[in-house]
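**Student:** Have a peek at coords-v8.txt (compact mmCIF, C-alpha atoms).
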```txt
# COMPACT_ATOMS: atom_id res chain seq x y z
CA MET Q 118 65.41 80.37 175.49
CA ILE Q 119 62.35 78.16 176.02
CA ARG Q 120 63.77 76.77 179.27
CA GLN Q 121 64.19 80.22 180.73
CA HIS Q 122 61.69 81.97 182.95
CA TRP Q 123 61.79 85.53 181.75
CA TRP Q 124 59.21 85.16 178.98
CA LYS Q 125 56.72 83.54 181.32
CA ILE Q 126 57.14 86.40 183.82
CA LEU Q 127 56.80 88.85 180.95
CA GLY Q 128 53.58 87.09 179.90
CA ILE Q 129 52.10 87.30 183.38
CA LEU Q 130 53.05 90.97 183.75
CA LEU Q 131 51.60 91.78 180.35
CA LEU Q 132 48.37 89.97 181.14
CA VAL Q 133 48.01 91.73 184.49
CA TYR Q 134 48.59 95.04 182.70
CA VAL Q 135 46.04 94.10 180.03
CA ILE Q 136 43.39 93.17 182.58
CA TYR Q 137 44.02 96.38 184.55
CA GLY Q 138 44.32 98.65 181.51
CA GLY Q 139 41.60 96.87 179.63
CA LEU Q 140 39.09 97.43 182.39
CA LEU Q 141 40.13 100.87 183.64
CA PHE Q 142 41.77 102.92 180.86
CA ASP Q 143 39.69 105.34 178.83
CA VAL Q 144 38.07 104.05 175.66
CA PRO Q 145 36.19 105.99 173.00
CA ASP Q 146 32.46 106.01 173.62
CA MET Q 147 30.81 104.72 170.47
CA PRO Q 148 27.11 104.14 169.91
CA VAL Q 149 25.79 100.64 170.57
CA ILE Q 150 29.21 99.26 171.45
CA ARG Q 151 29.82 101.58 174.44
CA GLN Q 152 32.01 100.02 177.11
CA THR Q 153 31.81 96.55 175.63
CA ILE Q 154 34.60 97.60 173.30
CA ARG Q 155 36.97 96.54 176.07
CA ASN Q 156 36.22 92.98 175.09
CA ILE Q 157 38.41 93.47 172.03
CA TYR Q 158 41.49 92.91 174.23
CA PHE Q 159 40.22 89.51 175.25
CA HIS Q 160 38.05 88.21 172.42
CA VAL Q 161 40.33 89.20 169.53
CA GLY Q 162 43.46 88.40 171.53
CA MET Q 163 42.33 84.87 172.31
CA TRP Q 164 41.30 84.30 168.71
CA PHE Q 165 44.72 85.44 167.50
CA GLY Q 166 46.32 83.20 170.10
CA MET Q 167 44.30 80.30 168.75
CA ILE Q 168 45.34 80.93 165.16
CA PHE Q 169 48.97 81.26 166.24
CA ILE Q 170 49.06 78.01 168.18
CA LEU Q 171 47.08 76.10 165.54
CA PHE Q 172 49.53 77.34 162.95
CA MET Q 173 52.38 76.04 165.11
CA GLY Q 174 50.50 72.73 165.29
CA VAL Q 175 50.50 72.55 161.50
CA VAL Q 176 54.22 73.31 161.45
CA PHE Q 177 54.78 70.38 163.84
CA SER Q 178 52.56 68.14 161.73
CA ILE Q 179 54.53 68.98 158.60
CA ARG Q 180 57.74 68.34 160.50
CA TYR Q 181 56.36 64.99 161.62
CA LEU Q 182 55.50 64.03 158.05
CA SER Q 183 58.99 64.85 156.85
CA ALA Q 184 61.03 63.45 159.75
CA SER Q 185 58.73 60.97 161.58
CA GLN Q 186 59.79 61.98 165.08
CA PRO Q 187 57.10 60.85 167.58
CA ASP Q 188 57.71 64.00 169.63
CA ASP Q 189 56.50 66.17 166.76
CA ASP Q 190 53.21 64.30 166.73
CA LEU Q 191 52.77 64.95 170.44
CA ARG Q 192 53.66 68.60 169.89
CA ALA Q 193 51.02 68.93 167.19
CA TYR Q 194 48.47 67.27 169.47
CA ALA Q 195 49.32 69.59 172.36
CA ALA Q 196 49.10 72.60 170.04
CA VAL Q 197 45.66 71.56 168.77
CA LYS Q 198 44.43 71.03 172.33
CA THR Q 199 45.63 74.49 173.32
CA GLY Q 200 44.11 75.94 170.17
CA LEU Q 201 40.76 74.34 170.97
CA LEU Q 202 40.76 75.86 174.44
CA PHE Q 203 41.57 79.31 173.07
CA GLY Q 204 39.00 78.85 170.32
CA LEU Q 205 36.28 77.97 172.82
CA LEU Q 206 37.21 80.95 175.00
CA GLY Q 207 37.22 83.20 171.93
CA LEU Q 208 33.81 81.87 170.97
CA LEU Q 209 32.39 82.38 174.48
CA THR Q 210 33.74 85.93 174.84
CA GLY Q 211 32.37 86.63 171.37
CA MET Q 212 28.96 85.29 172.31
CA VAL Q 213 28.78 87.47 175.39
CA TRP Q 214 29.79 90.44 173.26
CA ALA Q 215 27.19 89.57 170.64
CA GLN Q 216 24.47 89.41 173.29
CA PHE Q 217 25.18 92.99 174.38
CA THR Q 218 25.69 94.56 170.96
CA TRP Q 219 23.61 92.52 168.50
CA GLY Q 220 21.03 91.37 171.02
CA SER Q 221 21.50 87.63 170.81
CA PHE Q 222 24.19 85.13 171.67
CA TRP Q 223 24.35 83.74 168.17
CA VAL Q 224 23.55 85.31 164.82
CA ASN Q 225 23.66 83.55 161.48
CA ASP Q 226 26.80 85.15 160.11
CA PRO Q 227 29.61 83.71 157.97
CA LYS Q 228 32.29 84.59 160.49
CA LEU Q 229 30.50 83.07 163.44
CA ASN Q 230 29.68 79.96 161.48
CA GLY Q 231 33.30 79.77 160.39
CA ALA Q 232 34.41 79.89 164.02
CA LEU Q 233 32.06 77.08 164.97
CA VAL Q 234 33.15 75.00 161.99
CA GLY Q 235 36.74 75.44 163.14
CA ILE Q 236 35.88 74.11 166.60
CA LEU Q 237 34.06 71.14 165.02
CA THR Q 238 37.04 70.44 162.77
CA TYR Q 239 39.44 70.21 165.67
CA LEU Q 240 37.03 68.18 167.77
CA ALA Q 241 36.96 65.80 164.80
CA TYR Q 242 40.76 65.70 164.98
CA MET Q 243 40.44 64.51 168.59
CA VAL Q 244 37.98 61.79 167.57
CA LEU Q 245 40.30 60.69 164.78
CA ARG Q 246 43.17 60.35 167.22
CA SER Q 247 41.15 58.29 169.63
CA SER Q 248 39.92 55.91 166.94
CA VAL Q 249 43.34 54.73 165.80
CA GLU Q 250 45.33 52.57 168.19
CA ASP Q 251 48.63 52.06 166.45
CA PRO Q 252 50.74 55.10 167.46
CA GLU Q 253 52.58 55.49 164.18
CA LYS Q 254 49.45 55.19 162.07
CA ARG Q 255 47.64 57.59 164.40
CA ALA Q 256 50.46 60.09 164.10
CA LYS Q 257 50.48 59.93 160.31
CA LEU Q 258 46.72 60.10 159.82
CA SER Q 259 46.26 62.93 162.27
CA ALA Q 260 49.16 64.90 160.80
CA VAL Q 261 47.68 64.63 157.33
CA TYR Q 262 44.23 65.61 158.60
CA ASN Q 263 45.68 68.52 160.57
CA VAL Q 264 47.36 70.05 157.53
CA PHE Q 265 44.33 69.46 155.28
CA ALA Q 266 41.91 70.84 157.84
CA PHE Q 267 43.98 73.89 158.73
CA VAL Q 268 44.28 75.05 155.13
CA LEU Q 269 40.55 74.61 154.45
CA PHE Q 270 39.65 76.22 157.78
CA PHE Q 271 41.95 79.14 157.05
CA VAL Q 272 40.38 79.61 153.62
CA PHE Q 273 36.98 79.48 155.26
CA ILE Q 274 37.54 82.08 157.96
CA MET Q 275 40.06 84.38 156.30
CA ILE Q 276 39.46 84.42 152.57
CA LEU Q 277 35.90 83.41 151.79
CA PRO Q 278 34.14 85.93 154.04
CA ARG Q 279 36.14 88.70 152.38
CA MET Q 280 35.42 87.42 148.90
CA VAL Q 281 31.75 86.73 148.99
CA ALA Q 282 29.66 87.01 152.07
CA SER Q 283 28.34 90.09 153.76
CA SER Q 284 28.87 89.96 157.49
CA ILE Q 285 27.90 92.08 160.46
CA HIS Q 286 31.02 90.93 162.26
CA PRO Q 287 33.87 93.44 161.78
CA GLY Q 288 36.80 92.40 159.67
CA VAL Q 289 35.18 92.05 156.27
CA ASP Q 290 37.38 94.53 154.45
CA GLY Q 291 40.76 93.67 155.82
CA ASN Q 292 41.16 93.07 159.50
CA PRO Q 293 40.09 96.06 161.57
CA ALA Q 294 42.11 94.94 164.56
CA LEU Q 295 45.27 95.10 162.49
CA ALA Q 296 44.46 98.18 160.42
CA THR Q 297 46.01 100.70 162.76
CA GLY Q 298 43.92 103.55 161.36
CA ASP Q 299 40.73 101.99 162.72
CA LEU Q 300 41.77 101.40 166.28
CA ALA Q 301 41.75 104.46 168.55
CA PRO Q 302 45.29 105.43 169.67
CA GLU Q 303 44.44 105.15 173.36
CA MET Q 304 43.36 101.56 172.80
CA ARG Q 305 46.51 100.52 170.97
CA VAL Q 306 48.59 100.80 174.15
CA VAL Q 307 46.54 97.97 175.60
CA PHE Q 308 45.67 96.07 172.42
CA TYR Q 309 49.18 95.28 171.21
CA PRO Q 310 50.41 94.10 174.62
CA ALA Q 311 47.21 92.04 174.83
CA ILE Q 312 48.06 90.22 171.61
CA ALA Q 313 51.58 89.54 172.89
CA ALA Q 314 50.22 88.35 176.23
CA TRP Q 315 47.78 85.88 174.65
CA PHE Q 316 50.47 84.56 172.33
CA ILE Q 317 52.77 83.93 175.28
CA MET Q 318 49.96 82.30 177.28
CA ALA Q 319 49.10 80.03 174.36
CA TRP Q 320 52.72 79.01 173.91
CA TRP Q 321 53.23 78.46 177.64
CA LEU Q 322 50.12 76.34 177.95
CA TYR Q 323 51.20 74.35 174.90
CA THR Q 324 54.64 73.61 176.38
CA LEU Q 325 53.04 72.48 179.64
CA LEU Q 326 50.61 70.20 177.82
CA PHE Q 327 53.36 68.75 175.68
CA ARG Q 328 55.60 68.05 178.65
CA THR Q 329 52.87 66.38 180.71
CA MET Q 330 51.85 64.25 177.73
CA ARG Q 331 55.41 63.13 177.16
CA LEU Q 332 55.92 62.40 180.86
CA LYS Q 333 52.75 60.32 180.83
CA MET Q 334 54.06 58.39 177.87
CA ASP Q 335 57.40 57.79 179.58
CA VAL Q 336 55.65 56.62 182.74
CA ASP Q 337 53.45 54.24 180.73
CA ALA Q 338 56.51 52.82 179.03
CA LEU Q 339 58.21 52.31 182.40
CA VAL Q 340 55.13 50.59 183.82
CA ASP Q 341 55.02 48.31 180.79
CA ASP Q 342 58.69 47.43 181.25
CA TYR Q 343 58.13 46.70 184.93
CA ASN Q 344 55.18 44.45 184.24
CA GLN Q 345 57.07 42.34 181.78
CA MET U 153 52.89 61.92 138.00
CA GLN U 154 52.27 59.96 134.78
CA SER U 155 49.01 60.66 133.05
CA ASN U 156 48.79 57.31 131.27
CA LYS U 157 48.91 55.53 134.63
CA VAL U 158 46.19 57.81 135.96
CA LEU U 159 44.03 57.03 132.95
CA ALA U 160 44.62 53.31 133.35
CA LEU U 161 43.64 53.54 137.01
CA ILE U 162 40.48 55.45 136.19
CA LYS U 163 39.58 52.81 133.61
CA ASN U 164 40.29 50.15 136.21
CA GLU U 165 37.90 51.86 138.64
CA PHE U 166 35.15 51.81 136.01
CA VAL U 167 35.71 48.15 135.27
CA LEU U 168 35.63 47.28 138.97
CA GLU U 169 32.48 49.31 139.45
CA TRP U 170 30.83 47.58 136.52
CA ARG U 171 31.74 44.16 137.89
CA GLN U 172 30.15 44.98 141.22
CA LYS U 173 26.90 46.38 139.92
CA PHE U 174 25.23 45.80 143.25
CA ALA U 175 27.26 48.61 144.81
CA LEU U 176 26.18 51.11 142.18
CA GLY U 177 22.65 49.79 142.32
CA GLY U 178 22.69 50.17 146.08
CA LEU U 179 23.72 53.79 145.75
CA LEU U 180 20.96 54.54 143.26
CA LEU U 181 18.41 52.85 145.47
CA TYR U 182 19.66 54.83 148.47
CA LEU U 183 19.27 58.01 146.48
CA VAL U 184 15.76 57.25 145.24
CA SER U 185 14.66 56.16 148.72
CA MET U 186 15.90 59.41 150.20
CA VAL U 187 14.05 61.47 147.61
CA PHE U 188 10.92 59.42 148.15
CA ILE U 189 11.14 59.87 151.92
CA THR U 190 11.44 63.63 151.56
CA TYR U 191 8.52 63.58 149.15
CA LEU U 192 6.36 61.69 151.64
CA ALA U 193 7.56 63.71 154.60
CA PHE U 194 6.85 67.06 153.01
CA ASP U 195 3.64 65.97 151.35
CA GLY U 196 4.10 68.26 148.37
CA VAL U 197 4.05 71.47 150.42
CA ILE U 198 7.52 72.93 150.17
CA THR U 199 9.10 76.36 149.84
CA VAL U 200 11.83 77.02 147.31
CA PRO U 201 14.70 77.43 149.83
CA ALA U 202 13.65 74.18 151.47
CA TRP U 203 13.57 72.49 148.05
CA ASN U 204 17.10 73.66 147.48
CA ALA U 205 18.36 72.69 150.93
CA LEU U 206 16.86 69.21 150.63
CA PHE U 207 18.47 68.67 147.27
CA TRP U 208 21.91 69.54 148.63
CA LEU U 209 21.44 67.41 151.72
CA ILE U 210 20.58 64.44 149.54
CA MET U 211 23.62 65.12 147.36
CA LEU U 212 25.83 65.37 150.44
CA PHE U 213 24.75 62.05 151.91
CA THR U 214 24.95 60.32 148.55
CA ALA U 215 28.48 61.65 148.13
CA MET U 216 29.47 60.41 151.58
CA ASN U 217 28.26 56.91 150.75
CA ALA U 218 29.61 56.82 147.22
CA ILE U 219 33.07 58.09 148.06
CA LEU U 220 33.64 56.14 151.25
CA LYS U 221 33.26 52.81 149.51
CA GLY U 222 36.15 53.64 147.13
CA PHE U 223 38.81 52.96 149.73
CA VAL U 224 36.96 50.61 152.04
CA GLN U 225 36.36 48.08 149.28
CA GLU U 226 40.07 47.58 148.82
CA HIS U 227 41.53 45.03 151.15
CA GLY U 228 45.16 44.74 152.10
CA GLY U 229 46.37 42.44 149.32
CA LEU U 230 44.91 44.51 146.52
CA GLN U 231 46.41 47.67 148.00
CA LEU U 232 49.81 46.08 148.14
CA TYR U 233 49.44 45.09 144.50
CA TYR U 234 48.59 48.65 143.46
CA TYR U 235 51.41 49.90 145.61
CA THR U 236 53.96 47.95 143.60
CA LEU U 237 52.52 49.17 140.29
CA VAL U 238 51.71 52.85 140.65
CA GLY U 239 52.74 55.83 142.72
CA ALA U 240 50.63 57.41 145.42
CA GLN U 241 50.00 60.60 143.49
CA GLU U 242 48.66 58.74 140.48
CA MET U 243 46.45 56.75 142.80
CA ILE U 244 44.83 59.73 144.52
CA ALA U 245 44.48 61.66 141.26
CA ALA U 246 42.70 58.70 139.70
CA LYS U 247 40.47 58.26 142.74
CA ILE U 248 39.46 61.91 142.78
CA ALA U 249 38.81 61.91 139.04
CA TYR U 250 36.77 58.71 139.23
CA ASN U 251 34.79 59.88 142.25
CA ALA U 252 34.10 63.18 140.50
CA MET U 253 32.77 61.39 137.41
CA LEU U 254 30.69 59.01 139.48
CA MET U 255 29.27 61.93 141.44
CA VAL U 256 28.40 63.86 138.28
CA VAL U 257 26.40 60.88 137.03
CA LEU U 258 24.74 60.40 140.41
CA GLY U 259 24.09 64.14 140.58
CA PHE U 260 22.15 64.16 137.32
CA VAL U 261 20.18 61.08 138.32
CA ALA U 262 19.42 62.65 141.68
CA PHE U 263 18.32 65.88 140.04
CA LEU U 264 16.03 64.04 137.66
CA VAL U 265 14.40 61.94 140.37
CA PHE U 266 14.16 64.96 142.64
CA VAL U 267 12.43 67.05 139.99
CA VAL U 268 9.99 64.25 139.21
CA PHE U 269 8.92 63.95 142.83
CA MET U 270 9.36 67.46 144.20
CA GLY U 271 8.66 69.59 141.12
CA ASN U 272 10.91 72.10 139.41
CA PRO U 273 10.83 75.69 140.65
CA LEU U 274 13.92 76.76 138.69
CA ASP U 275 14.14 79.59 136.18
CA MET U 276 17.83 79.20 135.48
CA LEU U 277 18.19 75.51 134.90
CA PHE U 278 21.54 75.72 133.13
CA VAL U 279 23.33 77.72 135.81
CA TYR U 280 21.81 75.54 138.50
CA LEU U 281 23.09 72.39 136.83
CA ALA U 282 26.53 73.90 136.20
CA ASN U 283 26.68 74.77 139.88
CA MET U 284 25.60 71.25 140.77
CA VAL U 285 28.37 69.77 138.63
CA LEU U 286 30.91 72.05 140.34
CA GLY U 287 29.48 71.08 143.68
CA VAL U 288 29.70 67.34 143.26
CA ILE U 289 33.24 67.65 141.90
CA GLY U 290 34.04 69.66 145.02
CA PHE U 291 32.51 66.97 147.24
CA ALA U 292 34.65 64.38 145.48
CA ALA U 293 37.78 66.51 145.93
CA VAL U 294 37.28 67.05 149.68
CA LEU U 295 35.91 63.64 150.58
CA THR U 296 38.39 61.44 148.72
CA LEU U 297 41.29 62.21 151.04
CA ILE U 298 38.97 62.07 154.05
CA SER U 299 37.78 58.62 153.00
CA ALA U 300 41.39 57.51 152.64
CA ILE U 301 41.99 58.63 156.23
CA ALA U 302 38.74 57.17 157.54
CA SER U 303 39.26 53.81 155.85
CA ARG U 304 42.49 53.36 157.78
CA ALA U 305 40.82 53.88 161.13
CA LYS U 306 38.05 52.09 163.02
CA ASN U 307 34.43 53.16 162.67
CA ASN U 308 34.89 54.44 159.20
CA PHE U 309 31.45 55.73 158.31
CA THR U 310 31.04 57.72 161.51
CA LEU U 311 34.56 58.99 161.21
CA MET U 312 34.02 59.96 157.61
CA ALA U 313 31.00 62.03 158.59
CA ILE U 314 32.74 63.67 161.54
CA LEU U 315 35.88 64.50 159.60
CA GLY U 316 34.12 65.41 156.40
CA PHE U 317 31.22 67.64 157.47
CA PRO U 318 33.19 70.56 158.87
CA LEU U 319 35.54 70.57 155.90
CA ILE U 320 32.78 70.40 153.34
CA LEU U 321 30.72 73.13 154.96
CA PRO U 322 32.46 76.12 153.34
CA MET U 323 31.81 74.62 149.94
CA LEU U 324 28.26 73.66 150.81
CA LEU U 325 27.42 77.18 151.98
CA LEU U 326 28.77 78.65 148.74
CA LEU U 327 26.86 76.10 146.66
CA ILE U 328 23.62 76.82 148.46
CA ARG U 329 24.13 80.56 147.96
CA VAL U 330 24.67 80.13 144.23
CA SER U 331 21.75 77.78 143.78
CA LEU U 332 19.47 80.06 145.82
CA ALA U 333 20.52 82.92 143.56
CA CYS U 334 19.50 80.74 140.60
CA VAL U 335 16.15 80.02 142.13
CA HIS U 336 15.45 83.70 142.72
CA GLY U 337 16.52 84.61 139.20
CA ALA U 338 19.83 86.41 139.54
CA VAL U 339 22.16 88.26 137.20
CA PRO U 340 25.64 86.75 136.61
CA GLY U 341 27.26 89.34 138.89
CA ASP U 342 25.43 87.78 141.83
CA TYR U 343 26.83 84.32 141.52
CA LEU U 344 30.03 84.51 139.48
CA THR U 345 32.32 85.40 142.42
CA ASP U 346 30.83 82.56 144.41
CA MET U 347 31.45 80.15 141.56
CA VAL U 348 35.04 81.34 141.19
CA ALA U 349 35.47 80.80 144.93
CA ILE U 350 34.15 77.25 144.58
CA ILE U 351 36.58 76.53 141.74
CA LEU U 352 39.49 77.91 143.77
CA LEU U 353 38.47 75.77 146.75
CA ILE U 354 38.39 72.70 144.51
CA ILE U 355 41.88 73.45 143.17
CA VAL U 356 43.30 74.00 146.67
CA THR U 357 41.74 70.76 147.87
CA ILE U 358 43.04 68.68 144.97
CA VAL U 359 46.57 70.07 145.29
CA LEU U 360 46.57 69.36 149.03
CA SER U 361 45.24 65.84 148.51
CA VAL U 362 47.94 65.03 145.98
CA ILE U 363 50.63 66.38 148.31
CA LEU U 364 49.34 64.69 151.45
CA PHE U 365 48.12 61.31 150.23
CA PRO U 366 51.59 59.74 149.76
CA TYR U 367 52.13 59.94 153.55
CA ILE U 368 49.15 57.76 154.40
CA TRP U 369 49.45 55.51 151.36
CA LYS U 370 52.56 53.68 152.47
CA GLU U 371 51.92 51.56 155.48
```
What's the structure tokens form of this structure?
**Tutor:**
Amino acid sequence: MIRQHWWKILGILLLVYVIYGGLLFDVPDMPVIRQTIRNIYFHVGMWFGMIFILFMGVVFSIRYLSASQPDDDLRAYAAVKTGLLFGLLGLLTGMVWAQFTWGSFWVNDPKLNGALVGILTYLAYMVLRSSVEDPEKRAKLSAVYNVFAFVLFFVFIMILPRMVASSIHPGVDGNPALATGDLAPEMRVVFYPAIAAWFIMAWWLYTLLFRTMRLKMDVDALVDDYNQ
Amino acid sequence: MQSNKVLALIKNEFVLEWRQKFALGGLLLYLVSMVFITYLAFDGVITVPAWNALFWLIMLFTAMNAILKGFVQEHGGLQLYYYTLVGAQEMIAAKIAYNAMLMVVLGFVAFLVFVVFMGNPLDMLFVYLANMVLGVIGFAAVLTLISAIASRAKNNFTLMAILGFPLILPMLLLLIRVSLACVHGAVPGDYLTDMVAIILLIIVTIVLSVILFPYIWKE
């Protein structure tokens, strides 16, 4: 299924629809938020895409730890890279949104801090990878860190804010984007396709990254062989 | 996991620590110097939230130093020796337990020195100290696995800081909230959920460490 084209075409079509519908369809006019509500299709979608692909990364890391296939390590790495990109985009779209609704690009809020901590965690993962030279050791250490970090990060952004902290960011009592009662019906026709589109984009980007990384590795191995 | 092996390992850690008193002494000196520097830098003028923040920063850096040395000290031969004697899970459990005990001791010393230099603005000393004990145990739980990872890579102190800070932040934020509540004089309802959250975080971290450590232990 992965080698076929149809899901990529579907992703592109969905994304084109989301951009068109997201910018032009009617949305409810709410105080303060006004037209910026359209950002929900992009900001929330990218954030969901990030969580999805990071979760896949953890799955690959666990698979690496149980089977020690070098490909799984590369897969986890590619997934984290994709997740970082989506996380940064989610953060940027969120900051723009914050500027126009809360009046500043950054507010001291548990959810925003959680997002930044997540980015820092995965940047640390990159540093860890670059500071170990032996491939097998690198794969093991980074897989262990990936699982450890993901669980703590997940607790931080999903559970703690709901348990303790008050937040001005929506999503404190359950997730408003998923609670269908909260989202206006006319927005759902764009929102759900948007989630699907960002998931597909994240997965597509991940497969591309993984394949280029593996090709690079193969080329390096060939060059080494030739030189010897 | 066999508890008698864990206990033997913990005892072993204490004996090793006692033999190398300079390491412990170094830590204490580090701690006192940091408190003294903050005392000089702030020149006695300090608000209560800043007092609290400084205390936790000092605890954090002390924990980083204290816990990193646990794995770095061990060279290859010694590790191989342990490897033939005990399992990985016993090893990490003992390390976490030992680090937690060490940190509790260091925590009380730090608190004492800190209060002597910076004064004591607390109304609820008991809750504050209970929270501190929870906090340092939490630091030990998170940082032990991180130090195991960092000690196997180059640049271990930098790496330890980079890997550890983002993961310790959730706990640190909760701890600072609880201790600020103590400073302001709170009712139990204000801080109990936070404390339960800290305990849950500690349990999650320890379980994860015990599951994950065996994979990096065998080399």
**Student:** To one decimal place, how far is CA of Ile168 in chain Q from CA of Phe271 in chain Q in Å?
**Tutor:**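 Between these atoms lies a distance of 9.0 Å.
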**Student:** Using all atoms listed in the file, which residues sit within 7 Å of Val265 in chain U once same-chain residues fewer than 4 positions away are excluded, as a tab-separated table (two decimals) with C-alpha atoms, in the coordinates of the input?
**Tutor:**
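Contents of the output file part.tsv:
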```tsv
chain	number	residue	atom	x	y	z
U	184	VAL	CA	15.76	57.25	145.24
U	261	VAL	CA	20.18	61.08	138.32
U	269	PHE	CA	8.92	63.95	142.83
```
**Student:** Can I get the residues of chain U within 9 Å of chain Q, each with the closest pair of atoms and their distance in Å to one decimal, using all atoms listed in the file, sorted chain first then ascending number, as CSV?
**Tutor:**
```
residue,atom,partner,partner_atom,distance
U:Leu297,CA,Q:Tyr262,CA,8.8
U:Ile298,CA,Q:Tyr262,CA,7.8
U:Ile301,CA,Q:Leu258,CA,6.1
U:Ala302,CA,Q:Leu245,CA,8.2
U:Arg304,CA,Q:Val249,CA,8.2
U:Ala305,CA,Q:Val249,CA,5.4
U:Lys306,CA,Q:Ser248,CA,5.8
U:Asn307,CA,Q:Ser248,CA,7.5
U:Leu311,CA,Q:Leu245,CA,7.0
U:Ile314,CA,Q:Ala241,CA,5.7
U:Leu315,CA,Q:Ala241,CA,5.5
U:Gly316,CA,Q:Thr238,CA,8.6
U:Phe317,CA,Q:Thr238,CA,8.4
U:Pro318,CA,Q:Val234,CA,5.4
U:Leu319,CA,Q:Leu269,CA,6.6
U:Ile320,CA,Q:Leu269,CA,8.9
U:Leu321,CA,Q:Val234,CA,7.7
U:Pro322,CA,Q:Phe273,CA,6.0
U:Met323,CA,Q:Phe273,CA,8.9
U:Leu326,CA,Q:Val281,CA,8.6
U:Thr345,CA,Q:Val281,CA,6.7
U:Asp346,CA,Q:Val281,CA,6.3
U:Ala349,CA,Q:Leu277,CA,7.4
U:Leu353,CA,Q:Leu269,CA,8.1
U:Val356,CA,Q:Leu269,CA,8.3
U:Thr357,CA,Q:Leu269,CA,7.7
U:Leu360,CA,Q:Phe265,CA,6.6
U:Ser361,CA,Q:Phe265,CA,7.7
U:Leu364,CA,Q:Val261,CA,6.1
U:Phe365,CA,Q:Val261,CA,7.9
U:Tyr367,CA,Q:Leu182,CA,7.0
U:Ile368,CA,Q:Leu258,CA,6.4
U:Glu371,CA,Q:Lys254,CA,7.9
```
**Student:** Please list as a PyMOL selection string every residue within 12 Å of range 159-169 of chain U, counting all atoms listed in the file and excluding residues in the same chain fewer than 6 positions away.
**Tutor:** chain U and resi 153+175-179+218+221-223+225-226+234+237-254
**Student:** What lies within 7 Å of Gly128 in chain Q using only C-alpha atoms, ignoring chain neighbours under 6 positions off, as an mmCIF file with C-alpha atoms, in the coordinates of the input?
**Tutor:**
```cif
data_model
loop_
_atom_site.group_PDB
_atom_site.id
_atom_site.type_symbol
_atom_site.label_atom_id
_atom_site.label_comp_id
_atom_site.auth_asym_id
_atom_site.auth_seq_id
_atom_site.Cartn_x
_atom_site.Cartn_y
_atom_site.Cartn_z
ATOM 1 C CA ALA Q 314 50.220 88.350 176.230
ATOM 2 C CA ILE Q 317 52.770 83.930 175.280
ATOM 3 C CA MET Q 318 49.960 82.300 177.280
#
```
**Student:** Select from range 307-339 of chain U every residue with an atom at most 12 Å from any atom of range 193-207 of chain U, then for each give the shortest pair of atoms and their distance in Å to one decimal, using all atoms listed in the file, rows by chain and rising number, as CSV.
**Tutor:**
```
residue,atom,partner,partner_atom,distance
U:Leu324,CA,U:Ala205,CA,9.9
U:Leu325,CA,U:Ala205,CA,10.2
U:Leu327,CA,U:Asn204,CA,10.1
U:Ile328,CA,U:Ala205,CA,7.1
U:Arg329,CA,U:Asn204,CA,9.9
U:Val330,CA,U:Asn204,CA,10.5
U:Ser331,CA,U:Asn204,CA,7.2
U:Leu332,CA,U:Pro201,CA,6.8
U:Ala333,CA,U:Pro201,CA,10.2
U:Cys334,CA,U:Asn204,CA,10.2
U:Val335,CA,U:Val200,CA,7.4
U:His336,CA,U:Val200,CA,8.9
```
**Student:** Using all atoms listed in the file, find the one residue out of U:Trp369, U:Tyr191, U:Trp170, U:Tyr343 that sits nearest to Met276 in chain U.
**Tutor:** U:Tyr343
